[in-house]
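Source file: my_file02.tsv (TSV, C-alpha atoms)
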chain	number	residue	atom	x	y	z
A	1	MET	CA	8.53	31.77	-22.18
A	2	ARG	CA	5.99	30.75	-19.56
A	3	TYR	CA	5.81	27.29	-18.02
A	4	ARG	CA	3.28	25.42	-15.95
A	5	ILE	CA	2.76	22.12	-14.18
A	6	PRO	CA	0.60	19.81	-16.30
A	7	ASP	CA	-2.35	17.85	-14.94
A	8	GLY	CA	-1.34	14.53	-13.45
A	9	VAL	CA	1.85	15.85	-11.84
A	10	LEU	CA	1.80	15.88	-8.04
A	11	PHE	CA	4.19	17.76	-5.77
A	12	GLN	CA	4.67	16.94	-2.10
A	13	THR	CA	7.09	18.48	0.37
A	14	VAL	CA	8.67	16.38	3.08
A	15	ASP	CA	11.31	17.68	5.51
A	16	ASN	CA	12.00	20.84	3.40
A	17	GLU	CA	12.62	18.76	0.30
A	18	ALA	CA	10.05	17.43	-2.15
A	19	VAL	CA	8.98	14.58	-4.36
A	20	VAL	CA	7.34	15.16	-7.72
A	21	LEU	CA	5.23	12.32	-9.08
A	22	HIS	CA	4.09	11.86	-12.65
A	23	VAL	CA	0.89	9.92	-12.03
A	24	ASP	CA	0.55	8.38	-15.50
A	25	SER	CA	4.12	7.14	-15.80
A	26	GLY	CA	4.54	6.42	-12.07
A	27	HIS	CA	7.95	8.12	-12.11
A	28	TYR	CA	9.21	9.99	-9.06
A	29	PHE	CA	11.66	12.86	-9.02
A	30	GLY	CA	13.29	14.05	-5.82
A	31	LEU	CA	14.02	17.74	-5.31
A	32	ASN	CA	16.57	19.15	-2.84
A	33	VAL	CA	15.87	22.29	-0.84
A	34	VAL	CA	16.84	24.75	-3.61
A	35	ALA	CA	15.10	22.74	-6.34
A	36	THR	CA	11.98	22.54	-4.14
A	37	ARG	CA	11.90	26.32	-3.80
A	38	SER	CA	12.58	26.65	-7.55
A	39	TRP	CA	9.58	24.42	-8.27
A	40	GLN	CA	7.36	26.46	-5.96
A	41	LEU	CA	8.45	29.73	-7.59
A	42	LEU	CA	7.90	28.33	-11.07
A	43	ALA	CA	4.45	26.99	-10.13
A	44	GLU	CA	3.58	30.40	-8.69
A	45	HIS	CA	5.04	32.74	-11.32
A	46	GLY	CA	5.57	30.59	-14.41
A	47	THR	CA	8.76	32.23	-15.69
A	48	GLU	CA	12.46	31.48	-15.49
A	49	GLU	CA	13.20	35.13	-14.67
A	50	ALA	CA	10.91	35.12	-11.64
A	51	VAL	CA	12.45	31.90	-10.33
A	52	VAL	CA	16.00	33.24	-10.67
A	53	ALA	CA	15.04	36.51	-8.98
A	54	GLY	CA	13.45	34.57	-6.13
A	55	LEU	CA	16.47	32.31	-5.68
A	56	VAL	CA	18.88	35.28	-5.61
A	57	GLU	CA	16.72	36.94	-2.97
A	58	GLU	CA	16.25	33.89	-0.75
A	59	PHE	CA	19.54	32.01	-1.08
A	60	ASP	CA	23.18	33.00	-0.92
A	61	VAL	CA	23.68	32.77	-4.69
A	62	ASP	CA	24.52	35.19	-7.52
A	63	GLU	CA	22.26	35.63	-10.55
A	64	THR	CA	24.60	33.87	-13.01
A	65	THR	CA	24.86	30.75	-10.84
A	66	ALA	CA	21.13	30.73	-10.04
A	67	HIS	CA	20.31	31.05	-13.73
A	68	LYS	CA	22.68	28.27	-14.73
A	69	ASP	CA	21.47	25.89	-12.01
A	70	PHE	CA	17.80	26.55	-12.68
A	71	ALA	CA	18.24	26.18	-16.46
A	72	GLN	CA	19.68	22.72	-15.83
A	73	LEU	CA	16.82	21.77	-13.50
A	74	LEU	CA	14.25	23.13	-15.95
A	75	GLN	CA	15.67	21.04	-18.81
A	76	ASP	CA	15.49	17.98	-16.58
A	77	LEU	CA	11.88	18.71	-15.59
A	78	LEU	CA	10.87	19.42	-19.22
A	79	GLY	CA	12.53	16.19	-20.37
A	80	ARG	CA	10.53	14.20	-17.82
A	81	GLY	CA	7.25	15.91	-18.68
A	82	LEU	CA	6.96	17.34	-15.17
A	83	VAL	CA	6.85	20.90	-16.52
A	84	VAL	CA	5.56	22.01	-19.92
A	85	PRO	CA	5.64	25.29	-21.87
A	86	GLU	CA	2.35	27.03	-21.18
A	87	ALA	CA	1.11	26.72	-24.77
A	88	ASP	CA	1.36	22.92	-24.47
A	89	ALA	CA	-0.16	22.63	-21.00
A	90	ALA	CA	-3.67	21.87	-22.19
A	91	ALA	CA	-2.47	19.16	-24.58
B	1	MET	CA	-24.43	-13.50	9.70
B	2	PHE	CA	-20.95	-13.42	11.24
B	3	ASP	CA	-19.42	-10.39	12.96
B	4	TYR	CA	-15.70	-9.59	13.11
B	5	VAL	CA	-13.37	-6.70	13.85
B	6	LEU	CA	-10.44	-6.30	11.46
B	7	TYR	CA	-8.29	-3.18	11.02
B	8	SER	CA	-10.61	-1.55	13.61
B	9	GLN	CA	-13.55	-1.98	11.21
B	10	ARG	CA	-16.72	-3.73	12.33
B	11	ILE	CA	-17.41	-6.27	9.64
B	12	ARG	CA	-20.63	-8.24	9.17
B	13	SER	CA	-20.35	-11.08	6.69
B	14	SER	CA	-22.79	-13.57	5.22
B	15	PHE	CA	-19.80	-15.86	4.76
B	16	PRO	CA	-17.68	-17.24	7.64
B	17	LEU	CA	-14.13	-15.88	7.62
B	18	HIS	CA	-11.49	-18.50	8.35
B	19	HIS	CA	-8.99	-17.94	11.18
B	20	VAL	CA	-10.76	-14.78	12.39
B	21	PRO	CA	-12.52	-14.95	15.80
B	22	GLU	CA	-16.10	-13.74	15.82
B	23	GLN	CA	-16.77	-10.54	17.75
B	24	PRO	CA	-20.52	-9.90	17.81
B	25	LEU	CA	-21.55	-6.31	17.34
B	26	ALA	CA	-23.29	-4.58	20.20
B	27	PRO	CA	-27.08	-4.69	19.85
B	28	GLY	CA	-28.19	-1.99	17.44
B	29	ALA	CA	-24.66	-1.26	16.24
B	30	LEU	CA	-24.16	-1.04	12.50
B	31	PRO	CA	-21.19	-2.59	10.72
B	32	ASP	CA	-18.64	-0.39	8.98
B	33	ILE	CA	-18.35	-2.91	6.15
B	34	GLN	CA	-21.01	-5.37	5.07
B	35	VAL	CA	-19.76	-8.46	3.19
B	36	THR	CA	-22.19	-10.48	1.11
B	37	VAL	CA	-21.32	-13.63	-0.80
B	38	ARG	CA	-23.69	-15.11	-3.34
B	39	PHE	CA	-22.93	-18.36	-5.12
B	40	ASP	CA	-24.23	-18.63	-8.63
B	41	ALA	CA	-23.59	-21.14	-11.39
B	42	ASN	CA	-23.73	-18.33	-13.96
B	43	VAL	CA	-22.17	-15.08	-12.82
B	44	ALA	CA	-23.57	-12.25	-14.92
B	45	THR	CA	-21.32	-10.43	-17.38
B	46	SER	CA	-20.32	-6.95	-16.25
B	47	ASN	CA	-22.49	-4.16	-17.51
B	48	GLN	CA	-20.01	-1.60	-18.87
B	49	SER	CA	-22.34	1.38	-18.59
B	50	GLY	CA	-21.22	3.90	-15.95
B	51	TRP	CA	-17.98	2.08	-15.16
B	52	THR	CA	-14.46	2.99	-16.27
B	53	LEU	CA	-11.64	0.50	-16.64
B	54	VAL	CA	-8.73	1.32	-14.31
B	55	ARG	CA	-6.64	-1.83	-14.56
B	56	GLN	CA	-6.57	-5.13	-16.42
B	57	LEU	CA	-4.16	-7.89	-15.45
B	58	GLU	CA	-3.72	-11.42	-16.69
B	59	GLY	CA	-1.56	-14.30	-15.52
B	60	ARG	CA	-1.36	-18.02	-16.02
B	61	GLY	CA	-4.85	-19.30	-15.28
B	62	TRP	CA	-6.22	-16.01	-13.94
B	63	SER	CA	-7.40	-12.59	-15.05
B	64	LEU	CA	-8.49	-9.46	-13.18
B	65	ARG	CA	-10.37	-6.51	-14.56
B	66	THR	CA	-10.84	-3.55	-12.21
B	67	GLU	CA	-13.36	-0.81	-12.97
B	68	ARG	CA	-14.42	2.26	-11.04
B	69	GLN	CA	-17.71	4.05	-11.04
B	70	ALA	CA	-17.58	7.18	-13.15
B	71	SER	CA	-19.04	9.28	-10.34
B	72	ALA	CA	-16.21	11.00	-8.50
B	73	THR	CA	-18.04	11.49	-5.23
B	74	ASP	CA	-19.46	8.01	-4.64
B	75	SER	CA	-16.39	5.96	-5.46
B	76	ALA	CA	-17.07	2.30	-6.01
B	77	LEU	CA	-14.99	-0.47	-7.52
B	78	ARG	CA	-15.91	-3.53	-9.50
B	79	LEU	CA	-13.58	-6.47	-9.97
B	80	ASP	CA	-14.19	-9.15	-12.55
B	81	VAL	CA	-11.95	-12.06	-11.66
B	82	THR	CA	-11.38	-15.44	-13.23
B	83	SER	CA	-9.14	-17.88	-11.42
B	84	THR	CA	-8.68	-21.59	-12.06
B	85	GLY	CA	-11.72	-21.52	-14.33
B	86	ARG	CA	-14.03	-19.89	-11.78
B	87	ARG	CA	-15.37	-16.43	-12.25
B	88	SER	CA	-16.32	-13.90	-9.58
B	89	VAL	CA	-17.66	-10.40	-9.87
B	90	VAL	CA	-17.03	-8.21	-6.80
B	91	THR	CA	-18.52	-4.79	-6.16
B	92	ILE	CA	-16.90	-2.71	-3.43
B	93	GLY	CA	-19.50	-0.12	-2.57
B	94	PRO	CA	-19.16	3.65	-2.14
B	95	HIS	CA	-16.57	4.56	0.52
B	96	GLY	CA	-15.80	0.86	0.99
B	97	SER	CA	-18.96	0.30	3.00
B	98	SER	CA	-19.81	-3.00	1.33
B	99	ILE	CA	-18.17	-5.89	-0.46
B	100	ASP	CA	-20.60	-7.87	-2.60
B	101	ILE	CA	-19.26	-11.03	-4.19
B	102	ALA	CA	-21.04	-13.06	-6.84
B	103	ALA	CA	-18.97	-16.24	-7.05
B	104	GLN	CA	-19.31	-18.97	-9.60
B	105	LEU	CA	-19.57	-22.24	-7.73
B	106	SER	CA	-21.59	-25.38	-8.17
B	107	THR	CA	-21.63	-26.21	-4.47
B	108	GLU	CA	-20.74	-24.38	-1.25
B	109	THR	CA	-19.13	-27.44	0.29
B	110	ASP	CA	-15.87	-26.99	-1.54
B	111	GLU	CA	-13.64	-26.44	1.52
B	112	ALA	CA	-10.48	-25.49	-0.34
B	113	TYR	CA	-12.30	-22.83	-2.34
B	114	SER	CA	-14.05	-21.66	0.80
B	115	GLU	CA	-10.69	-21.01	2.49
B	116	GLN	CA	-9.38	-19.30	-0.62
B	117	LEU	CA	-12.46	-17.08	-0.78
B	118	SER	CA	-12.14	-16.20	2.91
B	119	GLY	CA	-8.49	-15.32	2.40
B	120	TRP	CA	-9.40	-13.16	-0.57
B	121	ILE	CA	-12.04	-11.28	1.44
B	122	THR	CA	-9.80	-10.66	4.46
B	123	GLY	CA	-6.85	-9.85	2.22
B	124	SER	CA	-7.04	-8.07	-1.08
B	125	LEU	CA	-10.76	-7.18	-1.08
B	126	LEU	CA	-10.77	-5.73	2.43
B	127	ALA	CA	-7.58	-3.78	1.63
B	128	GLN	CA	-9.23	-2.24	-1.42
B	129	ALA	CA	-12.33	-1.35	0.60
B	130	LEU	CA	-10.07	0.33	3.17
B	131	VAL	CA	-8.44	2.40	0.44
B	132	LEU	CA	-11.92	3.62	-0.55
B	133	ARG	CA	-12.48	4.41	3.14
B	134	GLY	CA	-9.49	6.76	3.00
B	135	HIS	CA	-6.78	4.59	4.56
B	136	ALA	CA	-3.27	4.41	3.17
B	137	VAL	CA	-2.54	0.71	2.60
B	138	LEU	CA	0.94	-0.60	1.85
B	139	HIS	CA	2.05	-4.05	0.74
B	140	ALA	CA	3.75	-5.03	4.00
B	141	SER	CA	3.76	-7.44	6.93
B	142	VAL	CA	3.77	-5.95	10.41
B	143	VAL	CA	4.96	-7.12	13.85
B	144	ALA	CA	4.83	-5.20	17.15
B	145	THR	CA	8.04	-4.85	19.15
B	146	PRO	CA	8.37	-3.08	22.52
B	147	ALA	CA	9.58	-0.02	20.56
B	148	GLY	CA	6.51	-0.03	18.31
B	149	ALA	CA	5.36	-1.68	15.09
B	150	VAL	CA	7.91	-2.69	12.49
B	151	ALA	CA	6.63	-3.07	8.92
B	152	PHE	CA	8.38	-5.07	6.24
B	153	LEU	CA	7.69	-3.77	2.75
B	154	GLY	CA	8.32	-5.94	-0.24
B	155	ASP	CA	6.97	-7.42	-3.39
B	156	SER	CA	5.58	-10.95	-3.28
B	157	GLY	CA	8.34	-13.49	-2.75
B	158	HIS	CA	10.73	-11.12	-0.98
B	159	GLY	CA	10.26	-12.83	2.38
B	160	LYS	CA	8.24	-10.32	4.39
B	161	SER	CA	5.81	-12.95	5.71
B	162	SER	CA	8.68	-15.33	6.55
B	163	LEU	CA	10.45	-12.60	8.51
B	164	ALA	CA	7.23	-11.68	10.31
B	165	ALA	CA	6.59	-15.38	11.07
B	166	HIS	CA	10.07	-15.70	12.55
B	167	LEU	CA	9.56	-12.67	14.81
B	168	VAL	CA	6.14	-13.95	15.94
B	169	GLN	CA	7.73	-17.30	16.75
B	170	ALA	CA	10.33	-15.39	18.79
B	171	GLY	CA	7.52	-13.90	20.89
B	172	TYR	CA	6.65	-10.60	19.22
B	173	GLN	CA	3.03	-9.71	18.66
B	174	PHE	CA	1.60	-10.21	15.21
B	175	VAL	CA	-0.15	-7.18	13.70
B	176	ALA	CA	-0.88	-7.92	10.03
B	177	ASP	CA	0.35	-9.88	7.05
B	178	ASP	CA	0.51	-8.53	3.50
B	179	HIS	CA	-1.15	-5.21	4.39
B	180	LEU	CA	0.03	-2.32	6.52
B	181	VAL	CA	-3.18	-0.36	7.02
B	182	LEU	CA	-2.51	3.04	8.54
B	183	SER	CA	-4.94	4.52	11.01
B	184	ARG	CA	-6.76	7.64	9.87
B	185	ASN	CA	-7.27	8.90	13.42
B	186	ALA	CA	-3.99	8.36	15.25
B	187	ALA	CA	-1.86	11.45	15.92
B	188	ALA	CA	1.26	9.66	14.65
B	189	PRO	CA	1.48	6.98	11.94
B	190	ALA	CA	-0.02	3.80	13.40
B	191	ALA	CA	-0.76	0.30	12.10
B	192	LEU	CA	-4.15	-1.38	12.48
B	193	PHE	CA	-4.53	-5.07	13.39
B	194	GLY	CA	-5.41	-7.40	10.52
B	195	PRO	CA	-6.63	-11.00	10.34
B	196	PRO	CA	-4.60	-13.32	12.60
B	197	ARG	CA	-3.08	-15.43	9.89
B	198	LEU	CA	0.03	-15.46	7.75
B	199	ARG	CA	0.29	-16.37	4.09
B	200	LEU	CA	3.35	-18.55	3.79
B	201	VAL	CA	4.96	-20.61	1.09
B	202	ALA	CA	3.38	-24.05	1.26
B	203	ASP	CA	5.32	-26.87	2.81
B	204	PRO	CA	5.15	-29.41	-0.03
B	205	ALA	CA	4.98	-32.35	2.39
B	206	GLY	CA	2.29	-30.98	4.67
B	207	ALA	CA	0.13	-28.81	2.48
B	208	MET	CA	-1.31	-31.25	-0.02
B	209	GLU	CA	-4.82	-30.86	1.34
B	210	ARG	CA	-4.58	-27.16	2.07
B	211	ALA	CA	-6.08	-24.43	-0.03
B	212	ARG	CA	-3.42	-22.63	-2.01
B	213	ASP	CA	-3.55	-19.19	-3.48
B	214	ALA	CA	-2.52	-18.62	-7.07
B	215	ASP	CA	1.06	-18.00	-5.88
B	216	GLY	CA	1.16	-21.34	-4.06
B	217	LYS	CA	0.91	-19.86	-0.55
B	218	VAL	CA	-1.26	-21.29	2.24
B	219	TYR	CA	-2.94	-19.59	5.20
B	220	VAL	CA	-1.41	-20.34	8.60
B	221	PRO	CA	-3.30	-19.15	11.70
B	222	VAL	CA	-1.37	-16.98	14.16
B	223	HIS	CA	-2.17	-16.67	17.83
B	224	ARG	CA	-3.16	-13.18	18.81
B	225	PRO	CA	-5.23	-12.03	21.75
B	226	THR	CA	-8.52	-10.39	20.85
B	227	GLU	CA	-7.83	-6.88	19.69
B	228	ARG	CA	-7.00	-4.86	22.79
B	229	HIS	CA	-5.55	-1.78	21.18
B	230	ARG	CA	-7.02	0.00	18.22
B	231	HIS	CA	-3.61	0.49	16.68
B	232	VAL	CA	0.11	0.39	17.37
B	233	GLN	CA	2.40	3.28	16.53
B	234	VAL	CA	4.84	2.54	13.71
B	235	ALA	CA	8.47	2.62	14.89
B	236	ALA	CA	10.17	1.70	11.63
B	237	ILE	CA	9.55	0.59	8.07
B	238	LEU	CA	12.04	-1.62	6.24
B	239	GLU	CA	12.01	-2.44	2.57
B	240	LEU	CA	13.17	-5.97	1.79
B	241	GLY	CA	15.18	-5.76	-1.39
B	242	GLY	CA	17.45	-8.35	-2.93
B	243	TYR	CA	19.72	-10.64	-0.97
B	244	LEU	CA	23.44	-10.41	-0.24
B	245	ALA	CA	25.79	-13.38	-0.15
B	246	GLU	CA	25.22	-15.89	2.68
B	247	GLU	CA	28.25	-14.76	4.67
B	248	ALA	CA	27.50	-10.99	4.33
B	249	PRO	CA	26.57	-8.98	7.43
B	250	VAL	CA	23.09	-7.47	7.80
B	251	TYR	CA	23.07	-3.82	6.75
B	252	ILE	CA	20.19	-1.47	7.56
B	253	GLU	CA	20.44	1.56	5.28
B	254	PRO	CA	18.58	4.69	6.39
B	255	LEU	CA	16.76	6.58	3.64
B	256	ALA	CA	16.28	10.33	3.29
B	257	ALA	CA	12.68	11.47	3.62
B	258	THR	CA	12.20	12.09	-0.12
B	259	ALA	CA	13.61	8.68	-1.03
B	260	ALA	CA	11.44	7.16	1.70
B	261	LEU	CA	8.33	8.83	0.32
B	262	ALA	CA	9.02	7.58	-3.21
B	263	LEU	CA	9.60	4.10	-1.81
B	264	LEU	CA	6.38	4.13	0.23
B	265	MET	CA	4.44	5.27	-2.83
B	266	ARG	CA	5.89	2.39	-4.85
B	267	HIS	CA	4.61	-0.08	-2.24
B	268	ARG	CA	1.02	1.19	-2.18
B	269	PHE	CA	-1.30	-1.80	-2.31
B	270	VAL	CA	-3.54	-0.01	-4.80
B	271	GLN	CA	-1.60	1.97	-7.38
B	272	ALA	CA	-4.52	2.92	-9.62
B	273	GLU	CA	-6.49	6.16	-9.31
B	274	VAL	CA	-9.52	4.36	-7.84
B	275	TYR	CA	-11.27	7.63	-7.08
B	276	ASP	CA	-10.56	11.20	-8.12
B	277	GLY	CA	-7.69	12.47	-6.03
B	278	ALA	CA	-6.78	9.05	-4.57
B	279	THR	CA	-3.08	9.28	-5.49
B	280	ALA	CA	-2.77	12.85	-4.22
B	281	ALA	CA	-4.50	11.93	-0.93
B	282	THR	CA	-2.18	8.95	-0.41
B	283	LEU	CA	0.87	11.07	-1.27
B	284	ARG	CA	-0.09	13.51	1.49
B	285	GLN	CA	-0.67	10.68	4.01
B	286	LEU	CA	2.60	8.96	3.17
B	287	ALA	CA	4.56	12.24	3.32
B	288	LYS	CA	3.62	12.40	7.00
B	289	VAL	CA	4.79	8.80	7.43
B	290	ALA	CA	8.08	9.55	5.64
B	291	ALA	CA	8.64	12.61	7.83
B	292	ASP	CA	7.74	10.91	11.15
B	293	VAL	CA	8.90	7.30	10.79
B	294	PRO	CA	12.41	6.11	9.94
B	295	VAL	CA	12.40	4.17	6.68
B	296	TYR	CA	15.22	1.80	5.80
B	297	ARG	CA	16.36	-0.48	3.04
B	298	LEU	CA	17.31	-3.86	4.48
B	299	HIS	CA	20.31	-5.61	2.95
B	300	ARG	CA	20.37	-9.15	4.29
B	301	PRO	CA	22.24	-12.34	3.61
B	302	ARG	CA	20.58	-15.14	1.74
B	303	GLY	CA	19.66	-18.36	3.50
B	304	LEU	CA	17.03	-19.47	6.02
B	305	ASP	CA	19.72	-20.22	8.59
B	306	ARG	CA	20.63	-16.49	8.62
B	307	LEU	CA	17.02	-15.46	9.35
B	308	PRO	CA	17.49	-15.36	13.17
B	309	ASP	CA	20.52	-13.11	12.70
B	310	VAL	CA	18.54	-10.82	10.38
B	311	ALA	CA	15.57	-10.64	12.78
B	312	SER	CA	17.83	-10.01	15.78
B	313	SER	CA	19.70	-7.20	13.97
B	314	ILE	CA	16.41	-5.50	13.10
B	315	VAL	CA	15.03	-5.70	16.65
B	316	LYS	CA	18.30	-4.39	18.14
B	317	HIS	CA	18.40	-1.54	15.64
B	318	ILE	CA	14.82	-0.49	16.38
B	319	ALA	CA	15.30	-0.84	20.15
B	320	ALA	CA	18.44	1.33	20.02
B	321	ARG	CA	16.37	4.13	18.51
B	322	GLY	CA	13.85	3.88	21.36
B	323	ALA	CA	10.09	3.83	21.32
B	324	PRO	CA	8.35	6.42	19.13
B	325	SER	CA	7.32	9.53	21.04
Please, can you express the file's structure as structure tokens?
Amino acid sequence: MRYRIPDGVLFQTVDNEAVVLHVDSGHYFGLNVVATRSWQLLAEHGTEEAVVAGLVEEFDVDETTAHKDFAQLLQDLLGRGLVVPEADAAA
Amino acid sequence: MFDYVLYSQRIRSSFPLHHVPEQPLAPGALPDIQVTVRFDANVATSNQSGWTLVRQLEGRGWSLRTERQASATDSALRLDVTSTGRRSVVTIGPHGSSIDIAAQLSTETDEAYSEQLSGWITGSLLAQALVLRGHAVLHASVVATPAGAVAFLGDSGHGKSSLAAHLVQAGYQFVADDHLVLSRNAAAPAALFGPPRLRLVADPAGAMERARDADGKVYVPVHRPTERHRHVQVAAILELGGYLAEEAPVYIEPLAATAALALLMRHRFVQAEVYDGATAATLRQLAKVAADVPVYRLHRPRGLDRLPDVASSIVKHIAARGAPS
């Protein structure tokens, strides 16, 4: 499954962390350092596998933990409309 | 024509602005913002062609419709406002270079309306023009302390003007009321000087003859020397939230940068996407503010008699951090 950031979602880093803003709803979502890097990897590569591989390489974390943590973050982002499956991105 | 300097902008107005000292432009100099006021018994209905609705608000006795020009490059705004039965149509020109007001009025000698109109121009309309000029504008009152400018963020009625008024009375320099306009040119986040007047809750005994805004506030002039500095570096930003009990101590809660950025975005004076990329541009500007300037949430006790204690705690806290580098 591929994912992408829909139009109207803005991402801004500040002090190694980030804020994601859904322009239409006006909702903000804060990302810690790992979540910020996860977002950047997802925006760049579009797949869960690539994000997990990137996290394992860059942080002191095993694949199982990285997968579990990112799956939780992804569900949160999907639920808030900050990330969408690629097929739905144009909708 | 009347010339002024507000928020470091040279303003030429066909209408005299109350409480703002005139500062004639140098011969041959062009204004940054031209303000034109035309009084008309019948203000024309907006022509919808080429304009897109961005916001429509209504309250008791007033309505505001904001439209933007469809063209993304030459951003312009049009406001159709009805207040206390009078209608005005305002066009803020491309890049905020002009503010044209067609105001419904039977006579120009209505002093109360004249003050209201002046306050509107130097307040909300100028702030919106500055947004089109690329400035980040927050809903805040600002006072300069020896450590730098301190801005009080808050929704209407949360006491930011009262706190600023108290600090000015205590000898600190007034910078701006209702709008923190950030410089576009300063190396570090810096506040520009606004009109030298505060909007305060009307004193019922003394304000019977004064012009009141829709929220019941009146304009009170503030002494300020003619603008000597172009801006003052921002030392701290405090959000005024709800009140604590009267006997509670003042608590100044520091916010992490991401929380600060979300908070600053929530206090933008203009929330709508008034030109393509406006929100993204402001997000970038405010991220720098959140990274460079400490942002706090102020928890303060209720009661006017605790105001000196609140003000003193803020000044001590800012001074302890030292002047911004």
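Using only C-alpha atoms, the nearest neighbour of Ala245 (chain B) within the list B:Tyr219, B:Arg306, B:Ser97, B:Arg284 is B:Arg306.
Distance check against Thr47 (chain A) using only C-alpha atoms: of A:Phe29, A:His22, A:Gly81, A:Ala71, the minimum falls on A:Ala71.
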Counting only C-alpha atoms, find the residues whose atoms lie at most 7 Å from (-15.0, -2.5, -12.7) (file coordinates) and write them out as a PyMOL selection string.
chain B and resi 51-53+65-68+77-80
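The smallest atom-to-atom distance between Ser75 (chain B) and any of B:Val274, B:Val168, B:Ala320, B:Val89, using all atoms listed in the file, is found for B:Val274.
With all atoms listed in the file as the basis for measurement, B:Leu163 is the residue among B:Val232, B:Val37, B:Leu163, B:Leu130 that approaches Leu304 (chain B) most closely.
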Using only C-alpha atoms, determine which residues lie at most 12 Å from Gly8 (chain A), disregarding the query and same-chain residues fewer than 5 positions distant; provide the list as a ChimeraX atom specification.
/A:20-27,81-83,89-90 /B:273,276-280
Per residue of chain A within 8 Å of chain B, which atom pair is closest and at what distance in Å (one decimal), using all atoms listed in the file, listed by chain and increasing number, as a tab-separated table?
residue	atom	partner	partner_atom	distance
A:Leu10	CA	B:Ala280	CA	6.7
A:Gln12	CA	B:Arg284	CA	6.9
A:Thr13	CA	B:Ala287	CA	7.4
A:Val14	CA	B:Ala287	CA	5.8
A:Asp15	CA	B:Ala291	CA	6.2
A:Glu17	CA	B:Thr258	CA	6.7
A:Ala18	CA	B:Thr258	CA	6.1
A:Val19	CA	B:Thr258	CA	5.9
A:Val23	CA	B:Thr279	CA	7.7
A:Tyr28	CA	B:Ala262	CA	6.3
A:Gly30	CA	B:Thr258	CA	6.1
A:Leu31	CA	B:Thr258	CA	7.9
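CA of Pro195 (chain B) is positioned 17.5 Å from CA of His166 (chain B).
Between CA of Gly85 (chain B) and CA of Gly61 (chain B) the separation is 7.3 Å.
Shell of Gly154 (chain B) at 9 Å, with all atoms listed in the file counted and residues fewer than 5 places along the chain excluded, is His139, Ala140, Ser141, Gly159, Lys160, Leu238, Glu239, Leu240, Gly241 and His267 of chain B.
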Let's have the selection written as a PDB file, keeping the file's coordinate frame, with C-alpha atoms.
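As written to disk, result_25.pdb reads:
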ATOM      1  CA  HIS B 139       2.050  -4.050   0.740  1.00  0.00           C
ATOM      2  CA  ALA B 140       3.750  -5.030   4.000  1.00  0.00           C
ATOM      3  CA  SER B 141       3.760  -7.440   6.930  1.00  0.00           C
ATOM      4  CA  GLY B 159      10.260 -12.830   2.380  1.00  0.00           C
ATOM      5  CA  LYS B 160       8.240 -10.320   4.390  1.00  0.00           C
ATOM      6  CA  LEU B 238      12.040  -1.620   6.240  1.00  0.00           C
ATOM      7  CA  GLU B 239      12.010  -2.440   2.570  1.00  0.00           C
ATOM      8  CA  LEU B 240      13.170  -5.970   1.790  1.00  0.00           C
ATOM      9  CA  GLY B 241      15.180  -5.760  -1.390  1.00  0.00           C
ATOM     10  CA  HIS B 267       4.610  -0.080  -2.240  1.00  0.00           C
TER      11      HIS B 267
END
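With all atoms listed in the file as the basis for measurement, B:Val250 is the residue among B:Ala236, B:Val315, B:Val270, B:Val250 that approaches His299 (chain B) most closely.
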Please list as a ChimeraX atom specification every residue within 12 Å of Ala43 (chain A), counting only C-alpha atoms and excluding residues in the same chain fewer than 2 positions away.
/A:2-6,9-11,36-41,45-48,50-51,82-86
Ser124 (chain B) environment, 9 Å, only C-alpha atoms, sequence neighbours closer than 6 positions dropped, as a PyMOL selection string:
chain B and resi 178-179+269
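The space between CA of Val234 (chain B) and CA of Ala127 (chain B) spans 18.4 Å.
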